[in-house]
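This report refers to the structure that appears directly beneath it.
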Amino acid sequence: MERTLEELARRVGGTVFGDGAVLIRGVCGLEDAGPDDITFLANPRYASKLAQTRAGAVVLSEQAPKPAIPAIVVKDPNFAFIAIAKEFAPAAPAAPASPGVHPSAVVAATARLGPGVSVGPNAVIEEEASIGEGTRVHALTYIGPHVKMGRECVIYPHVSIRERCVVGDRVIIHCGTAIGSDGFGYATLGDVHHKIPQNGIVEIEDDVEIGANCTLDRARLGRTLVKRGAKLDNMVHLAHNVVVGARALLAAQVGIAGSSKVGDGAMLGGQAGVGGHLDIGPGGMLTAQSGLGKDLPPGEMFAGSPAQPFMKTRRAEAALSRVPEMLNEIRSLRKKVEALEQRPTP
Amino acid sequence: MERTLEELARRVGGTVFGDGAVLIRGVCGLEDAGPDDITFLANPRYASKLAQTRAGAVVLSEQAPKPAIPAIVVKDPNFAFIAIAKEFAPAAPAAPASPGVHPSAVVAATARLGPGVSVGPNAVIEEEASIGEGTRVHALTYIGPHVKMGRECVIYPHVSIRERCVVGDRVIIHCGTAIGSDGFGYATLGDVHHKIPQNGIVEIEDDVEIGANCTLDRARLGRTLVKRGAKLDNMVHLAHNVVVGARALLAAQVGIAGSSKVGDGAMLGGQAGVGGHLDIGPGGMLTAQSGLGKDLPPGEMFAGSPAQPFMKTRRAEAALSRVPEMLNEIRSLRKKVEALEQRPTP
Amino acid sequence: MERTLEELARRVGGTVFGDGAVLIRGVCGLEDAGPDDITFLANPRYASKLAQTRAGAVVLSEQAPKPAIPAIVVKDPNFAFIAIAKEFAPAAPAAPASPGVHPSAVVAATARLGPGVSVGPNAVIEEEASIGEGTRVHALTYIGPHVKMGRECVIYPHVSIRERCVVGDRVIIHCGTAIGSDGFGYATLGDVHHKIPQNGIVEIEDDVEIGANCTLDRARLGRTLVKRGAKLDNMVHLAHNVVVGARALLAAQVGIAGSSKVGDGAMLGGQAGVGGHLDIGPGGMLTAQSGLGKDLPPGEMFAGSPAQPFMKTRRAEAALSRVPEMLNEIRSLRKKVEALEQRPTP
């Protein structure tokens, strides 16, 4: 497949700078691109790399310095680049490419599959599960009894969705993620941890994407909830009854303990941990590896373990680096004071 | 299904407060309950929420304030609530509901299945594996050769139990957990990391529950061991030759390096890490996100990374917050001392 | 199976100390070994345990104290022990033991399998995938379309390798690991996170071993790369476009954010985190639970979160423990200074 730069510029509403007839055959990053590729510069921080790229052309913003190679100039290079990358997306998408149920899949007689649903090899769909139009269930996936899934979802291999969980439209779930595993709940009587039944479900709203090898525990009662448009990276753990707000972004290896609520649009850095029964307000931010032990107010940024307001944590870190010199200073003051004390009183 | 409050009270040996004839159709948390639900108040901390609940009735302790709605009064509301929740547990349990081997499962001719064992669709059970009476092996699960599993276990989809591992009675293992993967061991000679054979096994004793997407590595020699009644949350990692004591509780995303021992009844908070060849004494506690680099004595609580006795860590954190004011104080002292030094000596 | 100590010594080029006729039937660790076992002492730190072992014989170095039991004396006891352990490796290796495709596996007509390839029960190999000679693909594994895999690999159950990824020779991938999941990339426009296509691949070079339940995201463009001989423990997360250098060692639960580069021979401790777009130089070390927020120079060791040069972090920790006494000291100085100020000026 090939396109002229001119054609691509028209596709994204951009302006051609330089030779619009140059032929483009693929998309690639600044460092790895070759003469057939178009690349992009979204972050001015990498402008210096533009001089060294071997790419045939580049997508950049109106503010970027004019390049030595042909370019498409647009308002939002990120956005334009997505559109162009889609043009060059591999012709062979992730399997199962074609609709229909693979003969090796085990689909219960009472399961309901919408039109255009595809079910990959050796997938298992249990009784009374319902799957909406155009959803692709990949090979070796487990869809439990009474699960309700919406339209145009993509469920990758080795995902488990346990009984009665609910998944909205256009949801993407990556390999190995477990939806609806039991919450971690015991009532300890004497020497025995008695299991508390986890009768609730997990509900995932529309346009959510969940990374690989995540675990989303079902609620003890009611539901563990991931709201519309939220995005979870790989290995995120949500305990029972957690609520993740709309459009929240959770980076890889985040863990959230039971019943905590993450507000709409909140952002959690990689490996951050959130204690149980806490609230993160809308737009709240928690930096990577932080450990939250109290509520995080709306729109604020917390850092550290235990997490504090960002500036307080940074000040404490800075102060800590000055402690060795403080020790010296105190020693020197002590000597001076002793010398003063030795002086004869008048 | 419905029960009168009176019937439920009799079921749990509790006393009815208010109208015992009220009809209950389900169980639910304080916040989400409706007029057909019974809810519960285990933690007095949430007593204020009781005033706002829409529940039809509540289970609470003798110490709790008397509610505005009918109630069952018991010694241990947690425990009573478990019994009541089981009454209302969903009629359709997790599949496979019925005993027997699904025709799509691949069970080796030499595998031995006890009476009432159920094996879900597309599960794989390898040669010489033995599975005890009433155990449920869910869809898409892998039971390796020569694995020995006890009675009444529940093994959820996408669990792998590799060759020769041993699992006791009434063990529950959640989706995606890997039991018996190779330990991380190399002997580095010059430029090459030579793999050290991991010939041991994992042994899991009775009444253990293991969360989703955990990894329990087999021993290099001998066994990695999880003792009776221990409970592991999701994404817990146990390296080769680790021993987890009876009734220990390990929260989500805990990682324990090779050959370390966790004592009976010990508790590890979420995302805590334990170095190799360490001992955590019986009843020891390690708070969330802590990193243990030395032994933890029996019954003590450690916190921080590197972990120290809890009070020491908290004191250091408190002291750190005072460092900025100490800087000011030192500056002011220095000025005063300089002024004193300027004074004429008598 | 049994061997005389003499036979084993010849096998590893070692010298017999004591009775070379003693019969050995297995290998075991110092603590668990019985009279039929040979054990080993690699680390002089455990020499005291040697006095208490019940083992029939021991492998140790020329520097070790002479033991009370027969021994094989070698230059490198670790290495010799590996060779001996292989002698006693279980006769029944991990399934699938025999070459050939299990009838329940689903292998696309266009897939190419080399000679001696074995494919376990219910595994799925998609169209145009190619698998090199002698590679063992275990039960329930997913090999996506157009995947290229080398010779003599071992792919354990529930591994997913998504479309177009490339795997070298002698690569081992443990249970539940996801290779080629989408990177976590969105362009946020107003209220919507638009998914950025992740069109790249993951490439894994020869002799790499990857633990259980890891996630290696495919590149946005180009490739996420794990170079020759690198070893990853369980639950390691590599974001899109990460490069892991040759022979690097990544301990369990390490997470590396997008586009960061780990140099050849670098070592990352358990639960360490690395921010995006960072460089760890060749031979660099990051201690367990550290959080890297800036580049780590070649050969240096960083610790802490945020990570600093090791000695700086240790000094800050030591200084912190002295803050309470500094508070006392300052208080006492203040009093003395006030007393001095009260003195009449001459």
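Ordered as shown in the structure tokens, chains take letters A, B, and onward, while each chain numbers its residues from 1 and ligands are numbered from 1 in the order shown.
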8 Å contacts from chain C to chain B using only C-alpha atoms, as a count of residues only: 50
Who sits within 8 Å of segment 24-26 of chain B, only C-alpha atoms, same chain under 5 positions skipped, as a PyMOL selection string: chain B and resi 1-5+36-38+56-57+85+88
Keeping only N, CA, C and O atoms, write the selected residues as a compact mmCIF listing (two decimals), in the first residue's frame.
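Once everything was written out, this is selection-v6.txt:
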# COMPACT_ATOMS: atom_id res chain seq x y z
N MET B 1 -36.88 -15.81 45.74
CA MET B 1 -36.78 -16.34 47.10
C MET B 1 -37.02 -15.24 48.13
O MET B 1 -36.53 -14.11 47.96
N GLU B 2 -37.76 -15.56 49.14
CA GLU B 2 -37.96 -14.57 50.21
C GLU B 2 -38.04 -15.26 51.57
O GLU B 2 -38.38 -16.44 51.69
N ARG B 3 -37.65 -14.51 52.59
CA ARG B 3 -37.66 -15.01 53.97
C ARG B 3 -38.17 -13.87 54.86
O ARG B 3 -37.91 -12.69 54.58
N THR B 4 -38.88 -14.24 55.93
CA THR B 4 -39.22 -13.20 56.92
C THR B 4 -37.98 -12.93 57.77
O THR B 4 -37.09 -13.78 57.90
N LEU B 5 -37.95 -11.76 58.37
CA LEU B 5 -36.83 -11.40 59.24
C LEU B 5 -36.74 -12.42 60.39
O LEU B 5 -35.65 -12.82 60.79
N ASP B 36 -36.36 -4.23 49.94
CA ASP B 36 -36.46 -5.70 50.01
C ASP B 36 -35.19 -6.34 50.57
O ASP B 36 -35.13 -7.56 50.75
N ASP B 37 -34.17 -5.56 50.81
CA ASP B 37 -32.86 -6.11 51.20
C ASP B 37 -32.64 -6.05 52.70
O ASP B 37 -33.12 -5.15 53.39
N ILE B 38 -31.86 -7.01 53.17
CA ILE B 38 -31.28 -6.90 54.51
C ILE B 38 -29.83 -6.47 54.33
O ILE B 38 -29.13 -6.90 53.40
N GLY B 56 -34.52 -2.70 54.08
CA GLY B 56 -35.70 -3.11 54.83
C GLY B 56 -35.37 -3.58 56.24
O GLY B 56 -36.22 -3.53 57.12
N ALA B 57 -34.12 -4.02 56.43
CA ALA B 57 -33.71 -4.50 57.76
C ALA B 57 -32.19 -4.51 57.83
O ALA B 57 -31.52 -4.35 56.80
N ALA B 85 -26.20 -14.30 53.81
CA ALA B 85 -25.84 -14.13 52.40
C ALA B 85 -25.85 -15.47 51.68
O ALA B 85 -26.26 -15.56 50.52
N PHE B 88 -29.17 -16.43 50.42
CA PHE B 88 -29.59 -15.73 49.20
C PHE B 88 -28.59 -15.88 48.07
O PHE B 88 -28.68 -15.19 47.06
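The coordinates place atom CA of Arg45 of chain B at 22.7 Å from atom CA of Val16 of chain B.
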Those of segment 174-340 of chain C in DSSP alpha helix (DSSP H), formatted as a count of residues only: 30
Residues within 12 Å of Ser118 of chain A, only C-alpha atoms, excluding chain neighbours under 4 positions, as a PyMOL selection string: chain A and resi 94-103+105+107+113-114+123+125+131-139+141+151-156
Okay, now the selection with C-alpha atoms, as a PDB file, in the first residue's frame?
ATOM      1  CA  ALA A  94      -6.023  -9.551  15.053  1.00  0.00           C
ATOM      2  CA  ALA A  95      -7.821 -12.871  14.650  1.00  0.00           C
ATOM      3  CA  PRO A  96     -10.575 -13.938  14.645  1.00  0.00           C
ATOM      4  CA  ALA A  97     -10.847 -11.835  11.510  1.00  0.00           C
ATOM      5  CA  SER A  98     -14.051 -13.259  10.142  1.00  0.00           C
ATOM      6  CA  PRO A  99     -17.429 -13.367  11.861  1.00  0.00           C
ATOM      7  CA  GLY A 100     -18.865 -16.646  13.000  1.00  0.00           C
ATOM      8  CA  VAL A 101     -18.192 -19.220  15.657  1.00  0.00           C
ATOM      9  CA  HIS A 102     -15.118 -21.395  15.186  1.00  0.00           C
ATOM     10  CA  PRO A 103     -16.140 -25.070  15.230  1.00  0.00           C
ATOM     11  CA  ALA A 105     -15.432 -23.122  20.366  1.00  0.00           C
ATOM     12  CA  VAL A 107     -20.962 -22.150  23.033  1.00  0.00           C
ATOM     13  CA  LEU A 113     -24.865 -14.091  20.045  1.00  0.00           C
ATOM     14  CA  GLY A 114     -25.748 -10.925  18.120  1.00  0.00           C
ATOM     15  CA  ALA A 123     -13.226 -20.206  23.322  1.00  0.00           C
ATOM     16  CA  ILE A 125     -19.210 -19.273  26.248  1.00  0.00           C
ATOM     17  CA  ILE A 131     -22.936 -10.979  23.348  1.00  0.00           C
ATOM     18  CA  GLY A 132     -23.814  -7.893  21.312  1.00  0.00           C
ATOM     19  CA  GLU A 133     -23.479  -7.262  17.591  1.00  0.00           C
ATOM     20  CA  GLY A 134     -20.029  -7.301  16.066  1.00  0.00           C
ATOM     21  CA  THR A 135     -18.164  -8.225  19.234  1.00  0.00           C
ATOM     22  CA  ARG A 136     -15.018 -10.313  18.688  1.00  0.00           C
ATOM     23  CA  VAL A 137     -14.283 -12.986  21.284  1.00  0.00           C
ATOM     24  CA  HIS A 138     -10.798 -14.332  20.632  1.00  0.00           C
ATOM     25  CA  ALA A 139      -9.421 -17.836  20.985  1.00  0.00           C
ATOM     26  CA  THR A 141     -11.439 -16.876  26.095  1.00  0.00           C
ATOM     27  CA  ARG A 151     -21.605  -4.408  20.837  1.00  0.00           C
ATOM     28  CA  GLU A 152     -18.264  -4.146  19.068  1.00  0.00           C
ATOM     29  CA  CYS A 153     -16.146  -5.258  21.991  1.00  0.00           C
ATOM     30  CA  VAL A 154     -12.783  -6.988  21.515  1.00  0.00           C
ATOM     31  CA  ILE A 155     -11.929  -9.676  24.063  1.00  0.00           C
ATOM     32  CA  TYR A 156      -8.394 -11.032  23.628  1.00  0.00           C
TER      33      TYR A 156
END
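Atom CA of Ala21 of chain B sits 6.3 Å away from atom CA of Glu6 of chain B.
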With DSSP run on the backbone, what are the strand (DSSP E or B) residues within segment 207-299 of chain B? I'd like them as a PDB file with N, CA and C atoms, in the first residue's frame.
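Written output follows (part-v8.pdb):
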ATOM      1  N   GLU B 209      -6.832 -20.357  49.956  1.00  0.00           N
ATOM      2  CA  GLU B 209      -7.443 -19.693  48.800  1.00  0.00           C
ATOM      3  C   GLU B 209      -6.391 -18.789  48.167  1.00  0.00           C
ATOM      4  N   ILE B 210      -6.302 -18.861  46.851  1.00  0.00           N
ATOM      5  CA  ILE B 210      -5.294 -18.095  46.100  1.00  0.00           C
ATOM      6  C   ILE B 210      -6.010 -17.265  45.048  1.00  0.00           C
ATOM      7  N   THR B 215       1.433 -15.904  40.925  1.00  0.00           N
ATOM      8  CA  THR B 215       2.457 -16.821  40.426  1.00  0.00           C
ATOM      9  C   THR B 215       3.158 -17.456  41.617  1.00  0.00           C
ATOM     10  N   LEU B 216       3.113 -18.773  41.689  1.00  0.00           N
ATOM     11  CA  LEU B 216       3.788 -19.516  42.760  1.00  0.00           C
ATOM     12  C   LEU B 216       4.835 -20.408  42.107  1.00  0.00           C
ATOM     13  N   ASP B 217       6.091 -20.014  42.231  1.00  0.00           N
ATOM     14  CA  ASP B 217       7.161 -20.762  41.568  1.00  0.00           C
ATOM     15  C   ASP B 217       7.464 -22.069  42.291  1.00  0.00           C
ATOM     16  N   ARG B 223      10.264 -28.108  48.032  1.00  0.00           N
ATOM     17  CA  ARG B 223       8.973 -27.538  47.687  1.00  0.00           C
ATOM     18  C   ARG B 223       8.811 -26.100  48.162  1.00  0.00           C
ATOM     19  N   THR B 224       8.061 -25.356  47.383  1.00  0.00           N
ATOM     20  CA  THR B 224       7.491 -24.089  47.790  1.00  0.00           C
ATOM     21  C   THR B 224       6.190 -24.449  48.481  1.00  0.00           C
ATOM     22  N   LEU B 225       5.921 -23.870  49.658  1.00  0.00           N
ATOM     23  CA  LEU B 225       4.846 -24.397  50.491  1.00  0.00           C
ATOM     24  C   LEU B 225       3.898 -23.299  50.966  1.00  0.00           C
ATOM     25  N   VAL B 226       2.608 -23.530  50.802  1.00  0.00           N
ATOM     26  CA  VAL B 226       1.593 -22.644  51.391  1.00  0.00           C
ATOM     27  C   VAL B 226       0.789 -23.483  52.371  1.00  0.00           C
ATOM     28  N   LYS B 231      -4.404 -17.376  53.060  1.00  0.00           N
ATOM     29  CA  LYS B 231      -5.206 -16.752  52.012  1.00  0.00           C
ATOM     30  C   LYS B 231      -4.352 -15.739  51.264  1.00  0.00           C
ATOM     31  N   LEU B 232      -4.286 -15.873  49.947  1.00  0.00           N
ATOM     32  CA  LEU B 232      -3.514 -14.955  49.103  1.00  0.00           C
ATOM     33  C   LEU B 232      -4.469 -14.182  48.213  1.00  0.00           C
ATOM     34  N   HIS B 237       3.086 -12.841  44.262  1.00  0.00           N
ATOM     35  CA  HIS B 237       4.203 -13.604  43.690  1.00  0.00           C
ATOM     36  C   HIS B 237       4.982 -14.295  44.808  1.00  0.00           C
ATOM     37  N   LEU B 238       5.088 -15.610  44.721  1.00  0.00           N
ATOM     38  CA  LEU B 238       5.967 -16.355  45.630  1.00  0.00           C
ATOM     39  C   LEU B 238       7.098 -16.965  44.820  1.00  0.00           C
ATOM     40  N   VAL B 243       8.048 -20.268  51.956  1.00  0.00           N
ATOM     41  CA  VAL B 243       7.074 -20.956  52.804  1.00  0.00           C
ATOM     42  C   VAL B 243       6.123 -19.909  53.373  1.00  0.00           C
ATOM     43  N   VAL B 244       4.834 -20.092  53.158  1.00  0.00           N
ATOM     44  CA  VAL B 244       3.824 -19.206  53.733  1.00  0.00           C
ATOM     45  C   VAL B 244       3.121 -19.969  54.849  1.00  0.00           C
ATOM     46  N   LEU B 249      -2.144 -14.032  55.884  1.00  0.00           N
ATOM     47  CA  LEU B 249      -2.952 -13.270  54.935  1.00  0.00           C
ATOM     48  C   LEU B 249      -2.022 -12.390  54.104  1.00  0.00           C
ATOM     49  N   LEU B 250      -2.019 -12.590  52.791  1.00  0.00           N
ATOM     50  CA  LEU B 250      -1.161 -11.796  51.916  1.00  0.00           C
ATOM     51  C   LEU B 250      -2.042 -10.967  50.985  1.00  0.00           C
ATOM     52  N   GLY B 255       5.026  -9.400  46.861  1.00  0.00           N
ATOM     53  CA  GLY B 255       6.046 -10.226  46.230  1.00  0.00           C
ATOM     54  C   GLY B 255       7.041 -10.725  47.266  1.00  0.00           C
ATOM     55  N   ILE B 256       7.348 -12.009  47.251  1.00  0.00           N
ATOM     56  CA  ILE B 256       8.273 -12.591  48.226  1.00  0.00           C
ATOM     57  C   ILE B 256       9.397 -13.298  47.483  1.00  0.00           C
ATOM     58  N   LYS B 261      10.538 -17.109  54.539  1.00  0.00           N
ATOM     59  CA  LYS B 261       9.500 -17.813  55.285  1.00  0.00           C
ATOM     60  C   LYS B 261       8.588 -16.806  55.958  1.00  0.00           C
ATOM     61  N   VAL B 262       7.289 -16.964  55.745  1.00  0.00           N
ATOM     62  CA  VAL B 262       6.287 -16.127  56.391  1.00  0.00           C
ATOM     63  C   VAL B 262       5.649 -16.968  57.495  1.00  0.00           C
ATOM     64  N   MET B 267       0.639 -11.192  58.547  1.00  0.00           N
ATOM     65  CA  MET B 267      -0.168 -10.408  57.611  1.00  0.00           C
ATOM     66  C   MET B 267       0.717  -9.452  56.813  1.00  0.00           C
ATOM     67  N   LEU B 268       0.578  -9.498  55.490  1.00  0.00           N
ATOM     68  CA  LEU B 268       1.366  -8.612  54.626  1.00  0.00           C
ATOM     69  C   LEU B 268       0.417  -7.699  53.854  1.00  0.00           C
ATOM     70  N   GLY B 273       6.937  -5.942  49.719  1.00  0.00           N
ATOM     71  CA  GLY B 273       7.949  -6.804  49.132  1.00  0.00           C
ATOM     72  C   GLY B 273       8.841  -7.386  50.220  1.00  0.00           C
ATOM     73  N   VAL B 274       9.243  -8.627  50.051  1.00  0.00           N
ATOM     74  CA  VAL B 274      10.100  -9.301  51.025  1.00  0.00           C
ATOM     75  C   VAL B 274      11.334  -9.821  50.290  1.00  0.00           C
ATOM     76  N   ASP B 279      13.124 -14.226  57.341  1.00  0.00           N
ATOM     77  CA  ASP B 279      12.095 -14.834  58.172  1.00  0.00           C
ATOM     78  C   ASP B 279      11.146 -13.768  58.687  1.00  0.00           C
ATOM     79  N   ILE B 280       9.864 -13.984  58.497  1.00  0.00           N
ATOM     80  CA  ILE B 280       8.853 -13.177  59.168  1.00  0.00           C
ATOM     81  C   ILE B 280       8.274 -14.079  60.249  1.00  0.00           C
ATOM     82  N   MET B 285       3.674  -8.511  61.141  1.00  0.00           N
ATOM     83  CA  MET B 285       2.904  -7.713  60.201  1.00  0.00           C
ATOM     84  C   MET B 285       3.817  -6.780  59.410  1.00  0.00           C
ATOM     85  N   LEU B 286       3.530  -6.653  58.139  1.00  0.00           N
ATOM     86  CA  LEU B 286       4.298  -5.767  57.265  1.00  0.00           C
ATOM     87  C   LEU B 286       3.270  -4.893  56.556  1.00  0.00           C
ATOM     88  N   GLY B 291       9.099  -2.592  52.257  1.00  0.00           N
ATOM     89  CA  GLY B 291      10.098  -3.456  51.641  1.00  0.00           C
ATOM     90  C   GLY B 291      10.988  -4.048  52.717  1.00  0.00           C
ATOM     91  N   LEU B 292      10.867  -5.336  52.939  1.00  0.00           N
ATOM     92  CA  LEU B 292      11.581  -5.969  54.056  1.00  0.00           C
ATOM     93  C   LEU B 292      12.969  -6.425  53.613  1.00  0.00           C
ATOM     94  N   LEU B 296      11.875 -10.164  60.417  1.00  0.00           N
ATOM     95  CA  LEU B 296      10.819  -9.471  61.147  1.00  0.00           C
ATOM     96  C   LEU B 296      10.424 -10.355  62.326  1.00  0.00           C
TER      97      LEU B 296
END
Exercise: Leu60 of chain C partners within 7 Å, only C-alpha atoms, chain neighbours under 4 positions left out, as a ChimeraX atom specification: /C:40-42,64,72-74,77
Could you save those same residues with all heavy atoms as a compact mmCIF listing (two decimals), in the first residue's frame?
# COMPACT_ATOMS: atom_id res chain seq x y z
N PHE C 40 24.51 -29.20 48.06
CA PHE C 40 25.63 -28.37 47.64
C PHE C 40 25.76 -27.15 48.54
O PHE C 40 24.80 -26.70 49.16
CB PHE C 40 25.50 -27.97 46.18
CG PHE C 40 24.60 -26.80 45.95
CD1 PHE C 40 25.07 -25.62 45.37
CD2 PHE C 40 23.27 -26.87 46.32
CE1 PHE C 40 24.23 -24.55 45.16
CE2 PHE C 40 22.42 -25.80 46.11
CZ PHE C 40 22.90 -24.64 45.52
N LEU C 41 26.98 -26.66 48.61
CA LEU C 41 27.27 -25.45 49.37
C LEU C 41 27.94 -24.46 48.43
O LEU C 41 29.13 -24.58 48.14
CB LEU C 41 28.19 -25.77 50.55
CG LEU C 41 28.57 -24.56 51.41
CD1 LEU C 41 27.40 -24.13 52.28
CD2 LEU C 41 29.78 -24.86 52.27
N ALA C 42 27.16 -23.51 47.93
CA ALA C 42 27.72 -22.53 47.00
C ALA C 42 28.17 -21.30 47.75
O ALA C 42 29.18 -20.70 47.45
CB ALA C 42 26.68 -22.16 45.95
N ALA C 64 35.97 -24.12 50.61
CA ALA C 64 35.06 -24.47 51.70
C ALA C 64 35.76 -25.32 52.75
O ALA C 64 36.72 -26.03 52.43
CB ALA C 64 33.85 -25.21 51.14
N ILE C 72 32.20 -33.83 46.69
CA ILE C 72 32.87 -33.57 45.42
C ILE C 72 33.39 -32.14 45.50
O ILE C 72 32.62 -31.20 45.74
CB ILE C 72 31.90 -33.70 44.22
CG1 ILE C 72 31.38 -35.14 44.13
CG2 ILE C 72 32.57 -33.28 42.93
CD1 ILE C 72 30.32 -35.34 43.05
N VAL C 73 34.69 -31.99 45.32
CA VAL C 73 35.30 -30.67 45.41
C VAL C 73 35.54 -30.14 44.00
O VAL C 73 36.16 -30.81 43.18
CB VAL C 73 36.63 -30.72 46.19
CG1 VAL C 73 37.24 -29.33 46.30
CG2 VAL C 73 36.40 -31.32 47.58
N VAL C 74 34.98 -28.95 43.71
CA VAL C 74 35.08 -28.36 42.37
C VAL C 74 35.40 -26.88 42.47
O VAL C 74 35.30 -26.27 43.53
CB VAL C 74 33.76 -28.51 41.59
CG1 VAL C 74 33.52 -29.97 41.20
CG2 VAL C 74 32.61 -27.97 42.40
N PRO C 77 30.91 -24.72 42.50
CA PRO C 77 29.91 -25.69 42.96
C PRO C 77 28.53 -25.46 42.35
O PRO C 77 27.79 -26.40 42.11
CB PRO C 77 29.85 -25.46 44.48
CG PRO C 77 30.85 -24.43 44.81
CD PRO C 77 31.45 -23.89 43.57
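Across the structure, atom CA of Pro282 of chain B and atom CA of Gly190 of chain A are spaced 15.7 Å apart.
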